[in-house]
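Coordinates as given in input17.txt (compact mmCIF, C-alpha atoms):
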```
# COMPACT_ATOMS: atom_id res chain seq x y z
CA MET F 25 -6.88 -54.14 31.38
CA LYS F 26 -4.70 -55.92 28.78
CA THR F 27 -4.08 -52.60 27.01
CA LYS F 28 -3.09 -50.90 30.24
CA ALA F 29 -0.78 -53.79 31.16
CA GLY F 30 0.77 -53.67 27.71
CA VAL F 31 1.52 -49.95 28.07
CA ILE F 32 3.13 -50.53 31.45
CA LEU F 33 5.29 -53.35 30.04
CA LEU F 34 6.33 -51.12 27.12
CA LEU F 35 7.35 -48.30 29.48
CA LEU F 36 9.34 -50.71 31.65
CA SER F 37 11.12 -52.05 28.57
CA ILE F 38 12.08 -48.50 27.49
CA ILE F 39 13.40 -47.71 30.98
CA LEU F 40 15.48 -50.92 31.03
CA VAL F 41 16.93 -50.19 27.59
CA LEU F 42 17.85 -46.65 28.62
CA SER F 43 19.44 -47.85 31.85
CA VAL F 44 21.78 -50.31 30.12
CA CYS F 45 22.76 -48.04 27.23
CA PRO F 46 26.20 -46.45 27.79
CA GLU F 47 26.32 -42.69 28.13
CA LYS F 48 27.71 -40.70 25.24
CA GLY F 49 31.40 -39.96 25.71
CA SER F 50 31.93 -42.77 28.29
CA SER F 51 35.34 -43.75 26.85
CA SER F 52 38.31 -42.68 28.96
CA LEU F 53 40.62 -39.83 27.95
CA THR F 54 44.25 -40.00 29.12
CA VAL F 55 45.13 -36.33 29.35
CA GLU F 56 48.23 -35.01 27.59
CA LEU F 57 49.46 -31.51 28.36
CA THR F 58 52.74 -29.81 27.45
CA VAL F 59 53.43 -26.16 28.31
CA LYS F 60 56.14 -23.70 27.23
CA LYS F 61 56.89 -20.22 28.52
CA GLU F 62 58.20 -17.17 26.68
CA PHE F 63 59.20 -13.65 27.72
CA ASP F 64 59.00 -10.43 25.76
CA GLU F 65 61.59 -7.64 25.87
CA GLU F 66 59.92 -6.20 28.99
CA ASN F 67 60.08 -9.51 30.86
CA ARG F 68 56.35 -10.10 30.62
CA LEU F 69 55.36 -13.74 30.47
CA LYS F 70 53.16 -15.82 28.17
CA PHE F 71 52.34 -19.54 28.22
CA THR F 72 51.50 -21.68 25.20
CA GLY F 73 50.80 -25.39 25.15
CA THR F 74 49.43 -28.43 23.38
CA THR F 75 46.84 -30.85 24.71
CA ASN F 76 44.34 -33.52 23.70
CA LEU F 77 41.57 -31.97 25.82
CA PRO F 78 38.37 -31.14 23.92
CA ASN F 79 37.72 -27.80 22.22
CA GLU F 80 36.28 -25.01 24.43
CA MET F 81 37.34 -26.70 27.66
CA GLU F 82 38.01 -23.94 30.20
CA LEU F 83 41.28 -23.90 32.14
CA VAL F 84 42.70 -21.53 34.76
CA LEU F 85 46.42 -20.62 34.81
CA SER F 86 47.73 -19.44 38.20
CA VAL F 87 51.26 -18.06 38.64
CA THR F 88 52.86 -17.48 42.06
CA GLY F 89 56.36 -16.34 42.91
CA GLU F 90 58.68 -13.71 44.34
CA ASP F 91 57.44 -11.15 46.91
CA GLU F 92 54.06 -12.92 47.25
CA TYR F 93 53.41 -12.33 43.54
CA SER F 94 50.30 -13.97 42.07
CA ALA F 95 48.46 -13.72 38.77
CA GLN F 96 45.68 -15.64 37.08
CA ALA F 97 44.51 -16.09 33.50
CA ASN F 98 41.61 -18.01 31.95
CA VAL F 99 42.17 -19.90 28.71
CA GLN F 100 40.13 -22.14 26.44
CA VAL F 101 41.37 -25.12 24.46
CA ASN F 102 41.31 -24.32 20.74
CA ASN F 103 42.15 -27.12 18.29
CA GLY F 104 44.54 -28.79 20.73
CA MET F 105 46.25 -25.54 21.70
CA ILE F 106 46.18 -23.18 24.69
CA GLU F 107 47.64 -19.68 24.85
CA SER F 108 47.53 -17.11 27.64
CA ASP F 109 47.62 -13.35 27.38
CA TRP F 110 50.80 -11.59 28.46
CA ILE F 111 51.21 -11.86 32.24
CA SER F 112 52.87 -8.94 34.05
CA ASN F 113 53.52 -7.49 37.50
CA ASN F 114 51.19 -4.47 37.59
CA GLY F 115 52.13 -3.71 34.02
CA GLU F 116 55.85 -4.26 34.61
CA GLY F 117 57.96 -7.31 33.88
CA LEU F 118 58.36 -10.11 36.40
CA VAL F 119 61.24 -9.68 38.84
CA PRO F 120 64.01 -12.34 38.80
CA GLY F 121 63.41 -15.34 41.02
CA MET F 122 61.56 -18.62 41.39
CA TYR F 123 57.98 -19.04 40.16
CA SER F 124 55.38 -21.76 39.87
CA LEU F 125 52.63 -22.27 37.30
CA ARG F 126 49.51 -24.22 38.19
CA ILE F 127 46.90 -25.17 35.59
CA THR F 128 43.50 -26.33 36.80
CA SER F 129 40.16 -26.87 35.10
CA GLN F 130 36.71 -25.60 35.93
CA ALA F 131 34.45 -28.33 37.34
CA ALA F 132 33.04 -30.55 34.60
CA MET F 133 29.47 -29.65 35.55
CA ILE F 134 30.00 -26.00 34.45
CA GLN F 135 31.97 -26.81 31.30
CA PRO F 136 30.19 -26.44 27.92
CA ASP F 137 27.95 -29.36 26.89
CA SER F 138 30.34 -30.32 24.10
CA VAL F 139 33.12 -30.70 26.66
CA GLN F 140 30.95 -32.70 29.07
CA ASN F 141 30.11 -35.10 26.24
CA VAL F 142 33.80 -36.00 26.08
CA ILE F 143 34.99 -35.81 29.70
CA GLY F 144 31.75 -36.81 31.44
CA LYS F 145 29.34 -34.91 33.68
CA LYS F 146 31.77 -35.09 36.59
CA GLY F 147 34.95 -35.57 34.58
CA GLU F 148 34.77 -39.32 35.15
CA ASN F 149 36.35 -40.05 31.76
CA LEU F 150 39.55 -38.15 32.56
CA GLU F 151 42.63 -40.26 33.31
CA GLY F 152 46.39 -39.76 33.66
CA GLU F 153 49.03 -38.07 35.77
CA PHE F 154 47.44 -34.60 35.61
CA ILE F 155 44.11 -35.59 37.18
CA LEU F 156 42.86 -34.59 40.63
CA SER F 157 39.74 -36.26 42.07
CA GLU F 158 37.38 -34.26 44.30
CA GLU F 159 34.51 -36.00 46.08
CA THR F 160 31.96 -33.27 45.27
CA LEU F 161 33.20 -31.79 42.00
CA GLY F 162 34.56 -34.95 40.40
CA LYS F 163 37.76 -35.19 38.35
CA MET F 164 39.62 -32.04 37.29
CA ILE F 165 42.94 -31.05 35.76
CA LYS F 166 45.92 -30.22 38.01
CA TYR F 167 49.24 -29.47 36.31
CA THR F 168 52.23 -27.83 38.03
CA TYR F 169 55.39 -26.40 36.49
CA ALA F 170 58.29 -24.69 38.29
CA PHE F 171 60.44 -22.13 36.49
CA SER F 172 62.78 -19.21 37.10
CA VAL F 173 62.91 -15.67 35.75
CA ASP F 174 66.45 -14.56 34.99
CA LYS F 175 67.80 -11.02 34.86
CA SER F 176 69.00 -11.49 31.30
CA LEU F 177 65.59 -12.75 30.08
CA THR F 178 67.24 -15.99 29.04
CA ALA F 179 67.48 -19.30 30.83
CA THR F 180 70.34 -19.51 33.29
CA THR F 181 73.23 -21.54 31.94
CA GLU F 182 75.06 -23.20 34.77
CA SER F 183 78.71 -24.06 34.58
CA GLU F 184 79.73 -27.67 34.21
CA THR F 185 81.18 -27.43 37.72
CA ILE F 186 77.65 -27.06 39.09
CA TRP F 187 76.39 -29.99 37.07
CA ASP F 188 79.34 -32.14 38.14
CA GLU F 189 78.28 -31.40 41.71
CA VAL F 190 74.63 -32.21 40.99
CA ASN F 191 75.39 -35.43 39.13
CA GLY F 192 77.87 -36.46 41.80
CA TYR F 193 75.14 -36.25 44.44
CA LEU F 194 72.76 -38.20 42.19
CA ALA F 195 75.34 -40.89 41.46
CA THR F 196 76.04 -41.42 45.18
CA GLY F 197 72.45 -41.13 46.37
CA GLN F 198 73.06 -38.02 48.47
CA TYR F 199 69.67 -36.50 47.80
CA THR F 200 69.46 -34.30 50.90
CA LEU F 201 72.80 -32.71 50.03
CA LEU F 202 71.56 -32.20 46.47
CA LYS F 203 68.44 -30.44 47.74
CA GLU F 204 70.50 -28.20 50.01
CA PHE F 205 72.94 -27.44 47.19
CA ILE F 206 70.18 -26.30 44.82
CA ASP F 207 68.51 -24.33 47.62
CA LYS F 208 71.66 -22.22 47.92
CA LEU F 209 71.65 -21.22 44.22
CA GLN F 210 70.10 -17.80 43.65
CA THR F 211 68.43 -18.42 40.28
CA PRO F 212 68.53 -22.13 39.38
CA SER F 213 67.49 -22.90 35.83
CA GLN F 214 64.48 -25.03 34.92
CA ASP F 215 66.75 -28.07 34.57
CA LEU F 216 68.06 -27.61 38.11
CA GLN F 217 64.51 -27.17 39.39
CA MET F 218 63.68 -30.57 37.90
CA MET F 219 66.66 -32.04 39.76
CA TYR F 220 65.24 -30.48 42.93
CA HIS F 221 61.93 -32.31 42.33
CA LEU F 222 63.89 -35.51 41.69
CA SER F 223 65.81 -35.12 44.96
CA MET F 224 62.54 -34.58 46.86
CA TYR F 225 61.10 -37.71 45.24
CA HIS F 226 63.94 -39.76 46.72
CA ILE F 227 63.86 -38.01 50.09
CA TYR F 228 60.13 -38.65 50.52
CA ASP F 229 60.45 -42.19 49.16
CA GLN F 230 63.19 -43.03 51.66
CA ALA F 231 60.98 -41.63 54.44
CA GLY F 232 58.11 -43.91 53.37
CA GLU F 233 55.92 -41.01 52.22
CA GLU F 234 54.92 -42.53 48.88
CA GLU F 235 52.21 -40.02 47.95
CA LYS F 236 54.50 -37.02 48.48
CA ALA F 237 57.28 -38.83 46.61
CA LEU F 238 55.10 -39.36 43.54
CA ASP F 239 53.79 -35.79 43.70
CA SER F 240 57.40 -34.58 43.54
CA LEU F 241 58.34 -36.91 40.69
CA TYR F 242 55.32 -35.98 38.60
CA SER F 243 55.85 -32.28 39.24
CA ILE F 244 58.36 -32.76 36.44
CA PRO F 245 56.35 -32.22 33.21
CA LYS F 246 55.71 -35.23 31.02
CA GLY F 247 57.37 -33.61 28.03
CA TYR F 248 60.55 -32.56 29.87
CA THR F 249 63.61 -32.87 27.61
CA GLY F 250 66.34 -31.09 29.61
CA ARG F 251 69.41 -32.30 31.50
CA ASN F 252 69.20 -35.84 32.89
CA GLU F 253 65.80 -36.51 31.32
CA ASP F 254 66.90 -40.14 30.88
CA LEU F 255 67.25 -40.55 34.66
CA ILE F 256 63.86 -38.92 35.29
CA ASN F 257 62.15 -41.15 32.71
CA TYR F 258 63.80 -44.19 34.30
CA TYR F 259 62.15 -43.52 37.66
CA LYS F 260 58.81 -42.68 36.06
CA TYR F 261 58.98 -45.93 34.08
CA LEU F 262 59.62 -47.95 37.24
CA ASN F 263 56.66 -46.35 39.02
CA GLU F 264 54.28 -46.74 36.12
CA PHE F 265 55.07 -50.38 35.32
CA TYR F 266 56.74 -51.86 38.41
CA GLU F 267 55.24 -49.79 41.28
CA GLY F 268 58.63 -48.34 42.17
CA GLU F 269 60.47 -51.68 42.31
CA SER F 270 63.78 -51.96 40.41
CA PRO F 271 63.85 -55.17 38.33
CA PHE F 272 66.68 -53.68 36.27
CA SER F 273 69.29 -50.97 36.69
CA PHE F 274 69.50 -47.54 35.09
CA ASN F 275 72.25 -48.84 32.81
CA ASP F 276 69.97 -51.68 31.67
CA TYR F 277 67.19 -49.15 31.02
CA VAL F 278 69.49 -47.10 28.78
CA VAL F 279 70.42 -50.21 26.79
CA LEU F 280 66.97 -51.81 26.57
CA TYR F 281 64.59 -48.88 26.26
CA ARG F 282 66.74 -46.04 24.95
CA LYS F 283 68.81 -48.21 22.59
CA ASN F 284 72.00 -46.77 24.09
CA ARG F 285 70.99 -43.27 22.98
CA ILE F 286 73.34 -41.05 24.99
CA THR F 287 73.72 -37.28 24.60
CA SER F 288 76.03 -34.82 26.36
CA ASP F 289 73.07 -33.68 28.51
CA SER F 290 72.08 -37.16 29.66
CA PHE F 291 72.92 -38.74 32.99
CA ALA F 292 74.21 -41.81 31.15
CA TYR F 293 76.88 -39.59 29.57
CA TYR F 294 77.99 -38.38 33.00
CA LYS F 295 78.22 -41.95 34.29
CA THR F 296 80.25 -43.03 31.26
CA GLU F 297 82.64 -40.11 31.67
CA SER F 298 82.96 -40.77 35.41
CA VAL F 299 83.98 -44.38 34.82
CA GLN F 300 86.59 -43.34 32.27
CA THR F 301 87.92 -40.63 34.56
CA SER F 302 88.11 -42.92 37.58
CA ASN F 303 89.99 -45.55 35.58
CA THR F 304 92.49 -42.91 34.44
CA HIS F 305 93.06 -41.30 37.84
CA LYS F 306 93.20 -44.13 40.39
CA SER F 307 96.43 -42.75 41.76
CA ASP F 308 94.72 -39.36 42.20
CA ALA F 309 92.03 -41.08 44.26
CA ASP F 310 94.68 -42.51 46.55
CA THR F 311 96.16 -39.05 47.00
CA VAL F 312 92.77 -37.56 47.87
CA TYR F 313 92.03 -40.35 50.35
CA LYS F 314 95.38 -39.92 52.09
CA TYR F 315 94.86 -36.16 52.34
CA ILE F 316 91.39 -36.64 53.88
CA MET F 317 92.69 -39.12 56.45
CA GLN F 318 95.54 -36.78 57.41
CA GLU F 319 93.10 -33.93 57.91
CA PHE F 320 90.83 -36.15 60.02
CA ASP F 321 93.80 -37.14 62.20
CA VAL F 322 94.78 -33.51 62.79
CA LEU F 323 91.25 -32.24 63.35
CA THR F 324 90.03 -35.06 65.62
CA ASP F 325 93.24 -35.98 67.47
CA TYR F 326 93.45 -39.27 65.57
CA GLY F 327 89.76 -39.99 66.04
CA ASN F 328 89.54 -39.36 69.76
CA ASN F 329 87.27 -36.34 69.32
CA TYR F 330 85.54 -37.41 66.11
CA VAL F 331 81.95 -36.18 65.63
CA PRO F 332 80.69 -37.12 62.12
CA GLU F 333 78.11 -34.31 61.87
CA ILE F 334 80.78 -31.71 62.64
CA HIS F 335 84.03 -33.03 61.17
CA ASP F 336 82.89 -34.73 57.95
CA PRO F 337 81.64 -31.54 56.24
CA ILE F 338 84.76 -29.60 57.33
CA VAL F 339 87.24 -32.14 55.97
CA LEU F 340 85.36 -32.75 52.72
CA GLU F 341 85.15 -29.01 52.08
CA LYS F 342 88.91 -28.61 52.71
CA ALA F 343 89.70 -31.48 50.34
CA SER F 344 87.34 -30.02 47.73
CA LYS F 345 89.17 -26.69 47.78
CA HIS F 346 92.62 -28.30 47.93
CA PHE F 347 92.10 -30.51 44.86
CA GLY F 348 89.66 -28.23 43.00
CA MET F 349 87.00 -30.96 42.94
CA PRO F 350 83.26 -30.96 43.79
CA VAL F 351 82.49 -31.99 47.36
CA SER F 352 80.34 -34.86 46.06
CA GLU F 353 83.31 -36.25 44.07
CA VAL F 354 85.61 -36.01 47.08
CA ASP F 355 83.03 -37.82 49.22
CA GLU F 356 82.56 -40.47 46.52
CA ILE F 357 86.33 -41.13 46.41
CA PHE F 358 86.56 -41.33 50.19
CA MET F 359 83.60 -43.72 50.54
CA ALA F 360 84.85 -45.95 47.71
CA ARG F 361 88.32 -46.24 49.26
CA ALA F 362 86.93 -46.74 52.75
CA MET F 363 84.81 -49.65 51.52
CA GLN F 364 87.92 -51.37 50.17
CA LEU F 365 89.57 -51.48 53.60
CA PRO F 366 89.62 -54.91 55.32
```
Encoded form using structure tokens:
Amino acid sequence: MKTKAGVILLLLSIILVLSVCPEKGSSSLTVELTVKKEFDEENRLKFTGTTNLPNEMELVLSVTGEDEYSAQANVQVNNGMIESDWISNNGEGLVPGMYSLRITSQAAMIQPDSVQNVIGKKGENLEGEFILSEETLGKMIKYTYAFSVDKSLTATTESETIWDEVNGYLATGQYTLLKEFIDKLQTPSQDLQMMYHLSMYHIYDQAGEEEKALDSLYSIPKGYTGRNEDLINYYKYLNEFYEGESPFSFNDYVVLYRKNRITSDSFAYYKTESVQTSNTHKSDADTVYKYIMQEFDVLTDYGNNYVPEIHDPIVLEKASKHFGMPVSEVDEIFMARAMQLP
């Protein structure tokens, strides 16, 4: 009986030891993923990228776009790199227009054993902005990237007039107008698409739809380095460390965290130039304001028939054409002067 009891105690001890030992690969992995696109001379598309996901992890690239176009490619991580085959439209190049790339992973349970050892049996070790949790399948990768295909096979280069309009809307918080402005552009560049996501972040945030707001903000890739990347990183920083609160301004962020690093493509550069311009042309602002008020008086019979939704856009558009200025700048001048009135 003592021998039998001893065997039972030994088995119980082994079970207890096994139950408290951590599983192999239980440390978390904050996923990093950066993707670039390239076109060949026939306008076929290929994606390459870098990641810290484990070797042989299987990913699925899905592309959707113009005329209900869709394509899919399977890739494997190889020494921190991913690369797709050339993606076409029935053998032809992709037609110009707006497209979206979505990268997802196969469920952890059907990934190779070597991958499961790192990410976990249900992907439980995966962390970061590119992670989607499913109740049945566990954690998986979800990465989205919007881009455009241009007729000339090169990225669209917008005029500075367009960017003055965009930055004017951003500076004055007119995010709905910014969204509508970008919607009207036929082939907005990748940079403008990122501004579209930024506008939707603010629109959803102002409507109290926090989840949709964050989805829009983090639709902008982590490694984005285009126009206004300083403004995008400012809002991401606030959400990651202050849950969206604003303990300091964008200008403070540029000074404290970017060490006043300002380039011609940064939003901080636009703001600096705007201040200098406004200081130089105060008399011009007075002229614009007087013109707007005169037009309002004529159009609305000195305010007797004033309907903001109808008359504001008409007058601002007339002033924009008259002075050769973006609508957003005209509106900014008018609002600033109106606020100064007693």
As an exercise, work out the distance from CA of Asn113 (chain F) to CA of Tyr93 (chain F) in Å and give it to one decimal place.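 Taking CA of Asn113 (chain F) and CA of Tyr93 (chain F), their separation equals 7.7 Å.
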Take CA of Thr185 (chain F) and CA of Val351 (chain F) and report the distance between them in Å, one decimal. 10.7 Å
So which residues touch Met81 (chain F) within 12 Å, counting only C-alpha atoms, skipping near sequence neighbours fewer than 3 positions away, as number ranges by chain? F: 75-78, 84, 98-106, 128-143, 147, 164-165
Have a look at CA of Glu80 (chain F) and CA of Tyr169 (chain F) and let me know their distance in Å, one decimal. 22.6 Å
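Shortest atom-to-atom contact with Ser108 (chain F) among F:Glu189, F:Asp355, F:Asp91, F:Glu82: F:Glu82, counting all atoms listed in the file.
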Region 67-78 of chain F, all listed atoms, 3 Å padding on each side: what axis-aligned box centre and edge lengths in Å to one decimal come out, as AutoDock Vina command-line options?
```
--center_x 49.2 --center_y -21.5 --center_z 27.1 --size_x 27.7 --size_y 30.0 --size_z 13.5
```
Between F:Ile127, F:Ala231, F:Leu262, F:Met218, which has the minimum distance to Thr168 (chain F) (counting only C-alpha atoms)?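 The answer is F:Ile127, which sits nearest to Thr168 (chain F).
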Which of these, F:Ser352, F:Ser94, F:Thr72, F:Ser213, has the shortest distance to Leu194 (chain F) once you count only C-alpha atoms?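 Of F:Ser352, F:Ser94, F:Thr72, F:Ser213, the one nearest Leu194 (chain F), counting only C-alpha atoms, is F:Ser352.
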Would you list the contacts of Ala97 (chain F) as a VMD selection string, taking every protein, DNA or RNA residue within 10 Å and counting only C-alpha atoms, but skipping same-chain residues closer than 4 positions in sequence? chain F and resid 83 to 87 107 to 111 127
What are the nearest atom pairs, with distances in Å to one decimal, for all residues of region 193-300 of chain F that come at most 9 Å from region 53-68 of chain F, using only C-alpha atoms, set out by chain and rising residue number as JSON lines?
```
{"residue": "F:Pro245", "atom": "CA", "partner": "F:Thr58", "partner_atom": "CA", "distance": 7.2}
{"residue": "F:Lys246", "atom": "CA", "partner": "F:Thr58", "partner_atom": "CA", "distance": 7.1}
{"residue": "F:Gly247", "atom": "CA", "partner": "F:Thr58", "partner_atom": "CA", "distance": 6.0}
{"residue": "F:Tyr248", "atom": "CA", "partner": "F:Thr58", "partner_atom": "CA", "distance": 8.6}
```
File dump, residues just selected, C-alpha atoms, as a compact mmCIF listing (two decimals), in the frame of the given file:
```txt
# COMPACT_ATOMS: atom_id res chain seq x y z
CA PRO F 245 56.35 -32.22 33.21
CA LYS F 246 55.71 -35.23 31.02
CA GLY F 247 57.37 -33.61 28.03
CA TYR F 248 60.55 -32.56 29.87
```
Using the atoms already present, construct N, CA, C and O atoms for region 347-364 of chain F and hand them back as a PDB file, in the frame of the given file.
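After the write, rebuild14.pdb holds the following:
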```pdb
ATOM      1  N   PHE F 347      91.930 -29.803  46.125  1.00  0.00           N
ATOM      2  CA  PHE F 347      92.100 -30.510  44.860  1.00  0.00           C
ATOM      3  C   PHE F 347      91.286 -29.889  43.705  1.00  0.00           C
ATOM      4  O   PHE F 347      91.381 -30.345  42.565  1.00  0.00           O
ATOM      5  N   GLY F 348      90.486 -28.849  44.033  1.00  0.00           N
ATOM      6  CA  GLY F 348      89.660 -28.230  43.000  1.00  0.00           C
ATOM      7  C   GLY F 348      88.608 -29.179  42.456  1.00  0.00           C
ATOM      8  O   GLY F 348      88.324 -29.214  41.257  1.00  0.00           O
ATOM      9  N   MET F 349      88.004 -29.967  43.333  1.00  0.00           N
ATOM     10  CA  MET F 349      87.000 -30.960  42.940  1.00  0.00           C
ATOM     11  C   MET F 349      85.695 -30.686  43.673  1.00  0.00           C
ATOM     12  O   MET F 349      85.706 -30.125  44.770  1.00  0.00           O
ATOM     13  N   PRO F 350      84.538 -31.090  43.078  1.00  0.00           N
ATOM     14  CA  PRO F 350      83.260 -30.960  43.790  1.00  0.00           C
ATOM     15  C   PRO F 350      83.271 -31.775  45.079  1.00  0.00           C
ATOM     16  O   PRO F 350      83.919 -32.834  45.146  1.00  0.00           O
ATOM     17  N   VAL F 351      82.567 -31.277  46.087  1.00  0.00           N
ATOM     18  CA  VAL F 351      82.490 -31.990  47.360  1.00  0.00           C
ATOM     19  C   VAL F 351      81.954 -33.402  47.163  1.00  0.00           C
ATOM     20  O   VAL F 351      82.428 -34.365  47.781  1.00  0.00           O
ATOM     21  N   SER F 352      80.951 -33.538  46.285  1.00  0.00           N
ATOM     22  CA  SER F 352      80.340 -34.860  46.060  1.00  0.00           C
ATOM     23  C   SER F 352      81.368 -35.844  45.504  1.00  0.00           C
ATOM     24  O   SER F 352      81.365 -37.026  45.851  1.00  0.00           O
ATOM     25  N   GLU F 353      82.280 -35.373  44.634  1.00  0.00           N
ATOM     26  CA  GLU F 353      83.310 -36.250  44.070  1.00  0.00           C
ATOM     27  C   GLU F 353      84.323 -36.655  45.128  1.00  0.00           C
ATOM     28  O   GLU F 353      84.759 -37.813  45.185  1.00  0.00           O
ATOM     29  N   VAL F 354      84.693 -35.709  45.975  1.00  0.00           N
ATOM     30  CA  VAL F 354      85.610 -36.010  47.080  1.00  0.00           C
ATOM     31  C   VAL F 354      84.994 -37.063  47.992  1.00  0.00           C
ATOM     32  O   VAL F 354      85.657 -38.040  48.383  1.00  0.00           O
ATOM     33  N   ASP F 355      83.732 -36.869  48.330  1.00  0.00           N
ATOM     34  CA  ASP F 355      83.030 -37.820  49.220  1.00  0.00           C
ATOM     35  C   ASP F 355      82.936 -39.191  48.563  1.00  0.00           C
ATOM     36  O   ASP F 355      83.097 -40.224  49.225  1.00  0.00           O
ATOM     37  N   GLU F 356      82.674 -39.205  47.246  1.00  0.00           N
ATOM     38  CA  GLU F 356      82.560 -40.470  46.520  1.00  0.00           C
ATOM     39  C   GLU F 356      83.893 -41.232  46.569  1.00  0.00           C
ATOM     40  O   GLU F 356      83.918 -42.448  46.780  1.00  0.00           O
ATOM     41  N   ILE F 357      85.002 -40.507  46.359  1.00  0.00           N
ATOM     42  CA  ILE F 357      86.330 -41.130  46.410  1.00  0.00           C
ATOM     43  C   ILE F 357      86.599 -41.693  47.801  1.00  0.00           C
ATOM     44  O   ILE F 357      87.053 -42.836  47.963  1.00  0.00           O
ATOM     45  N   PHE F 358      86.304 -40.898  48.823  1.00  0.00           N
ATOM     46  CA  PHE F 358      86.560 -41.330  50.190  1.00  0.00           C
ATOM     47  C   PHE F 358      85.748 -42.579  50.538  1.00  0.00           C
ATOM     48  O   PHE F 358      86.296 -43.543  51.102  1.00  0.00           O
ATOM     49  N   MET F 359      84.451 -42.596  50.205  1.00  0.00           N
ATOM     50  CA  MET F 359      83.600 -43.720  50.540  1.00  0.00           C
ATOM     51  C   MET F 359      84.040 -44.985  49.784  1.00  0.00           C
ATOM     52  O   MET F 359      84.049 -46.088  50.335  1.00  0.00           O
ATOM     53  N   ALA F 360      84.422 -44.800  48.506  1.00  0.00           N
ATOM     54  CA  ALA F 360      84.850 -45.950  47.710  1.00  0.00           C
ATOM     55  C   ALA F 360      86.125 -46.562  48.281  1.00  0.00           C
ATOM     56  O   ALA F 360      86.253 -47.805  48.388  1.00  0.00           O
ATOM     57  N   ARG F 361      87.070 -45.721  48.687  1.00  0.00           N
ATOM     58  CA  ARG F 361      88.320 -46.240  49.260  1.00  0.00           C
ATOM     59  C   ARG F 361      88.089 -46.840  50.642  1.00  0.00           C
ATOM     60  O   ARG F 361      88.691 -47.866  50.991  1.00  0.00           O
ATOM     61  N   ALA F 362      87.216 -46.226  51.415  1.00  0.00           N
ATOM     62  CA  ALA F 362      86.930 -46.740  52.750  1.00  0.00           C
ATOM     63  C   ALA F 362      86.306 -48.135  52.683  1.00  0.00           C
ATOM     64  O   ALA F 362      86.573 -49.000  53.516  1.00  0.00           O
ATOM     65  N   MET F 363      85.466 -48.356  51.672  1.00  0.00           N
ATOM     66  CA  MET F 363      84.810 -49.650  51.520  1.00  0.00           C
ATOM     67  C   MET F 363      85.783 -50.749  51.134  1.00  0.00           C
ATOM     68  O   MET F 363      85.515 -51.938  51.308  1.00  0.00           O
ATOM     69  N   GLN F 364      86.929 -50.384  50.585  1.00  0.00           N
ATOM     70  CA  GLN F 364      87.920 -51.370  50.170  1.00  0.00           C
ATOM     71  C   GLN F 364      88.794 -51.835  51.337  1.00  0.00           C
ATOM     72  O   GLN F 364      89.524 -52.821  51.217  1.00  0.00           O
TER      73      GLN F 364
END
```
